[in-house]
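Reading through the structure tokens given below for one structure.
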Amino acid sequence: MSALALLAIAAAGVALLLVAVIKFKIPAFLALLVVSVSVALVAGIPLPDVIKTVTEGMGGTLGSVAILVGLGAMLGKMIEISGGAQALAGKFTQLLGPRRVIAALTAAAFLLAIPVFFDVGFIILIPIIYGFAKAAGVNPVKIGLPVGAIMLAIHVVVPPHPGVVGGAGILGADIGWATIIGLGLCIPVGVLGYFLARKLNRRDFTMLPATAEQFRLFGSGTSQVEKEAGHGGVAVKTEVKTAPSPAMIITLIVLPILMIMVGTVGAVILPKDSFPAQLAAFVGAPLIALLTALGLAYYFLGIRRGWSSQHTGEVMDSALAPTAIVILVTGAGGVFGKVLTVSGIGKALAEGLQSVGLPVIVMAFILAAVLRASQGSATVAIITTSGLLAASVADGGFSPLQTALILVAIGFGAFGLSHVNDSGFWIVTRYLGLSVADGLRTWTVLTTALGLAGFALTFLVWVLAGGLSV
């Protein structure tokens, strides 16, 4: 099939998906699956491979997301029901004032995002976002948008995240330069994101009913399942007599971050395949880090404070039902991305742009942006773009600094255009209670604007470094 036909199919698929979800209010999970199968058939994926592609897309996405979402939700529910999030939010609001809380949490998210994947870090911060929003009396989207934006910026341009590390290996870019440039540019990008999010948040957004109810009950000691107890649910109600200290809550949040950092640092400084390196990798795995934090929360927030083991378990279980829609929609987004990749649509887009003949750093940004928009995954976009440009970079005689700048440009290209085929889009919008239309107006606009701003800064450094021999 010709590249033009594939591009037309991709455009039609995205348009059909948006119409189904926004105009006809078809559930996103169902719409994503139907459109994915339709695109697969029209794009010429063999019939025996269609279901295989759908299954691999769902499994590949949920294999890395479902467990972490579940564990993160349990940890968040323990922090919430124990009164910890409210206590922490109240303390920070008292110290900083409501007008500074969003900026403070955004700055904290900058540090959190360095060692932690975007999805994991955002999920860890959700109870804090909810708690701060409750204390400040605002919609959680006003806090969540700038927090999510800076975390995604770090994720796409700063090692040790997989996309930028994989891209560095393909391009032969220096990780040290990439880290210095990425962190340096993410500071102004984060500041811009904070103010742009404020502008986008001038209007009031109606929260999705399920998220609105979850947010209403947040910190009240009552979980969603209590409301449903009369219909076969399990009643989980906790009277919070003495909330845990803010220091305890900070410890439970920071501990998994520190554990993940151990794995990251260990992979760099320890001999490869040695037992210490393997131990550091095990300790620093997000799964183990969250399990450890959850185990400590089970004891310190539950058992030690007088909850029975049964009640503590019920509180944790009550966190799983609200996450089901997040997990399923995220997996369906992965299916759509897989179909676009297997069908060759992403490759057709990349090759078409590559033949235009733009400067390599501009091409790096555009290719990554197009691949990001077409198949959803920022990591895949970075690695694929790096592979497509590897020969051009190798033959270009670029300095280490310039090569690192090309890598960062690729990262900022993969930053923007987060929409319905991106699992991160669904995690952010569902946890913040945004409809698809509102998510496109806010999250998609914010990530795209910041991706462009990040590239503009990268290009400025490129121009300044053009005469340098590094």
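Each chain of the structure tokens is named A, B, ... in the order shown, its residues numbered from 1; ligands are numbered from 1 in display order.
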Output as a VMD selection string all residues of region 250-437 of chain A that backbone DSSP marks as helix (DSSP H, G or I). chain A and resid 250 to 269 275 to 283 286 to 305 309 to 318 320 to 342 345 to 354 360 to 375 378 to 395 400 to 413 423 to 432 436 to 437
Considering only C-alpha atoms, return as JSON, numbers by chain whatever protein or nucleic-acid residues lie within 9 Å of Ala149 (chain A), sequence-local ones (same chain, fewer than 3 positions apart) excluded. {"A": [106, 144, 145, 146, 152, 153, 154, 190, 193, 194, 197, 443, 446, 447, 450]}
Just want the 7 Å neighbourhood of region 120-126 of chain A, counted on only C-alpha atoms, with same-chain residues fewer than 5 positions away dropped. Output as a ChimeraX atom specification. /A:68-69,72,76,112-113,148
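Distance check against Ala324 (chain A) using only C-alpha atoms: of A:Ile51, A:Ala280, A:Ile427, A:Ile150, the minimum falls on A:Ile427.
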As a list in words, please: the residues near Leu208 (chain A) (cut-off 8 Å, only C-alpha atoms, same-chain neighbours under 5 positions excluded). Arg430, Gly433, Leu434 and Ser435 of chain A
Please save C-alpha atoms of the selected residues as a tab-separated table (two decimals), in the first residue's frame.
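Below is the file that was written, result-v7.tsv:
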chain	number	residue	atom	x	y	z
A	430	ARG	CA	-8.88	10.25	33.82
A	433	GLY	CA	-11.45	14.09	35.59
A	434	LEU	CA	-11.12	15.67	32.13
A	435	SER	CA	-13.31	14.63	29.22
Residues near Leu71 (chain A), cut-off 9 Å, only C-alpha atoms, skip fewer than 3 positions along chain, as a PyMOL selection string: chain A and resi 66-68+74-76+287+290-291+294+320
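Take the candidates A:Leu252, A:Ile345, A:Ala168, A:Val158 and check each one against Ile45 (chain A) using only C-alpha atoms; the shortest distance goes to A:Ile345.
With only C-alpha atoms as the atoms that count, the minimum distance from Val408 (chain A) to the choices A:Ala378, A:Ala210, A:Val156, A:Ala321 is reached by A:Val156.
If only C-alpha atoms are the atoms counted, then among A:Leu18, A:Val39, A:Val380, A:Met78 the closest residue to Asp317 (chain A) is A:Met78.
Between CA of Asp395 (chain A) and CA of Ser374 (chain A) the interatomic distance comes to 28.2 Å.
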